[in-house]
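Data first, discussion second: the structure below is written as structure tokens.
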Amino acid sequence: IFLVPTVMAFYFALTRWTLFDSEFVGLDNFRDFFAEQNLRVGFRNTIVYAVVTSGLKVVLGLLLGVLLTSRLRLRGFLRAVVFFPVLVTTVAVGITFSVLLKPDTGLVDKALGVVGISGPDWLGDATTALLSVALVDVWKGVGLATVIYIAGIMSIPRDYYQAVEVDGGGAWHRFRHVTLPLSWPATYSVIILSFIGGLR
């Protein structure tokens, strides 16, 4: 299951082949690949996409994690709402947002039109397409980041928070000196998972 496809992949990488025959060409395929003009643009866009999505998932996931571990009355409901996009299939998200971001007739452009703003072609313009797709990916994936942060924050012993309160610290001090440093394992996990997903 693993070895045969791996060997075949190396074989096909060194050949020029059709369905019925193949010709050994050595490293010519790799030379053609690295000589491709759009390769640099593709690499740059992939790195930008991975960095933007990872950064936003870390920041939003941490903020939502802190919010959803506080003493909110609707905490359980809000956790379900935040996690819901993770359960939606990628195809459904793609179709939904392609309709929402459609120029002139999409809900986003209509909402902007109410306040007198003319929206761009979100998915058709080269200057906005990458960011639009990245934001949709963040919307879909921030729920998983939030769950990881919730688990990390809830594993922090309450003694640390009580010590900050005894010393006269407020909410900001609890976040700055306890939650932020002790949630680094969760942050590492979110960064790795998000960055791998972004590069993929």
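Simple scheme: letters A, B, ... for chains in structure tokens order, numbers from 1 for residues in each chain, numbers from 1 for ligands in the order shown.
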
With only C-alpha atoms counted and 12 Å as the cut-off, give the residues of region 65-100 of chain A in contact with region 156-179 of chain A, each with its shortest interatomic distance in Å and the pair that gives it, as a Markdown table.
```
| residue | atom | partner | partner_atom | distance |
| --- | --- | --- | --- | --- |
| A:Gly65 | CA | A:Thr179 | CA | 10.3 |
| A:Val66 | CA | A:Thr179 | CA | 8.2 |
| A:Leu67 | CA | A:Phe175 | CA | 11.0 |
| A:Thr69 | CA | A:Thr179 | CA | 11.0 |
| A:Ser70 | CA | A:Ala171 | CA | 10.6 |
```

Please identify all polymer residues within 10 Å of Leu130 (chain A), counting only C-alpha atoms, omitting same-chain residues fewer than 4 positions from it, and present them as a PyMOL selection string.
chain A and resi 45-46+48-49+52+122-126+134-135

Include C-alpha atoms and write out the residues we just selected as a PDB file, in the first residue's frame.
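Saved to out-v9.pdb:
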```
ATOM      1  CA  ASN A  45       1.121  32.928  -2.519  1.00  0.00           C
ATOM      2  CA  THR A  46       1.277  29.625  -0.642  1.00  0.00           C
ATOM      3  CA  VAL A  48       1.464  34.227   2.407  1.00  0.00           C
ATOM      4  CA  TYR A  49      -1.698  32.126   2.661  1.00  0.00           C
ATOM      5  CA  VAL A  52      -2.054  34.735   7.255  1.00  0.00           C
ATOM      6  CA  TRP A 122     -13.713  39.330  -4.082  1.00  0.00           C
ATOM      7  CA  LEU A 123     -12.735  36.093  -5.803  1.00  0.00           C
ATOM      8  CA  GLY A 124     -12.022  37.371  -9.323  1.00  0.00           C
ATOM      9  CA  ASP A 125      -9.599  40.210  -8.555  1.00  0.00           C
ATOM     10  CA  ALA A 126      -5.974  39.190  -8.008  1.00  0.00           C
ATOM     11  CA  ALA A 134      -7.722  32.960   3.493  1.00  0.00           C
ATOM     12  CA  LEU A 135     -10.479  34.604   5.550  1.00  0.00           C
TER      13      LEU A 135
END
```

Out of A:Gly61, A:Gly113, A:Gly26, A:Pro120, which residue has the shortest atom-to-atom distance to Ala186 (chain A) when counting only C-alpha atoms?
A:Gly61

If you run DSSP on this backbone, which residues of region 40-189 of chain A come out as alpha helix (DSSP H), and could you give them as a VMD selection string?
chain A and resid 40 to 68 75 to 87 90 to 100 107 to 114 126 to 154 158 to 166 171 to 174 180 to 182 184 to 189

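Take CA of Glu36 (chain A) and CA of Thr15 (chain A): the distance between them is 18.2 Å.
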
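For the residues A:Val86, A:Leu100, A:Ile192, A:Val81, ranking by smallest atom-to-atom distance to Asp121 (chain A) using only C-alpha atoms places A:Leu100 first.
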
Option closest in space to Thr146 (chain A), from A:Gly197, A:Pro181, A:Pro85, A:Gly94 [counting only C-alpha atoms]:
A:Pro85

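Minimum atom-to-atom distances from A:Leu144, A:Leu199, A:Leu27, A:Val138 to Thr53 (chain A) were compared using only C-alpha atoms, and the lowest value belongs to A:Val138.
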
Can you build me a table of region 15-53 of chain A residues sitting at most 12 Å from region 5-11 of chain A, with the closest atom pair per residue and its distance in Å to one decimal, using only C-alpha atoms, sorted by chain and residue number, as JSON lines?
```
{"residue": "A:Thr15", "atom": "CA", "partner": "A:Tyr11", "partner_atom": "CA", "distance": 6.6}
{"residue": "A:Arg16", "atom": "CA", "partner": "A:Tyr11", "partner_atom": "CA", "distance": 9.8}
{"residue": "A:Trp17", "atom": "CA", "partner": "A:Tyr11", "partner_atom": "CA", "distance": 10.1}
{"residue": "A:Ser22", "atom": "CA", "partner": "A:Tyr11", "partner_atom": "CA", "distance": 9.9}
{"residue": "A:Glu23", "atom": "CA", "partner": "A:Tyr11", "partner_atom": "CA", "distance": 10.5}
{"residue": "A:Phe24", "atom": "CA", "partner": "A:Tyr11", "partner_atom": "CA", "distance": 8.7}
{"residue": "A:Val25", "atom": "CA", "partner": "A:Tyr11", "partner_atom": "CA", "distance": 10.4}
{"residue": "A:Gly26", "atom": "CA", "partner": "A:Tyr11", "partner_atom": "CA", "distance": 9.7}
{"residue": "A:Leu27", "atom": "CA", "partner": "A:Phe10", "partner_atom": "CA", "distance": 11.0}
{"residue": "A:Asn29", "atom": "CA", "partner": "A:Phe10", "partner_atom": "CA", "distance": 11.5}
{"residue": "A:Phe30", "atom": "CA", "partner": "A:Phe10", "partner_atom": "CA", "distance": 11.7}
```

Please produce a file of the residues just selected, as an mmCIF file, in the first residue's frame, where the atoms kept are C-alpha atoms.
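Heads up, here's the output in again38.cif:
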```
data_model
loop_
_atom_site.group_PDB
_atom_site.id
_atom_site.type_symbol
_atom_site.label_atom_id
_atom_site.label_comp_id
_atom_site.auth_asym_id
_atom_site.auth_seq_id
_atom_site.Cartn_x
_atom_site.Cartn_y
_atom_site.Cartn_z
ATOM 1 C CA THR A 15 10.330 9.400 -17.096
ATOM 2 C CA ARG A 16 8.193 11.060 -19.708
ATOM 3 C CA TRP A 17 5.210 8.765 -19.980
ATOM 4 C CA SER A 22 7.351 5.685 -21.039
ATOM 5 C CA GLU A 23 10.757 7.118 -21.863
ATOM 6 C CA PHE A 24 13.516 7.663 -19.292
ATOM 7 C CA VAL A 25 14.476 11.365 -19.218
ATOM 8 C CA GLY A 26 16.460 11.616 -15.970
ATOM 9 C CA LEU A 27 16.097 14.977 -14.224
ATOM 10 C CA ASN A 29 11.096 16.880 -15.488
ATOM 11 C CA PHE A 30 12.622 18.628 -12.456
#
```

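The environment of Gly119 (chain A) within 9 Å, counting only C-alpha atoms and disregarding residues fewer than 3 places along the same chain, consists of Pro103, Asp104, Val108, Asp109, Lys110, Leu112, Gly113 and Trp122 of chain A.
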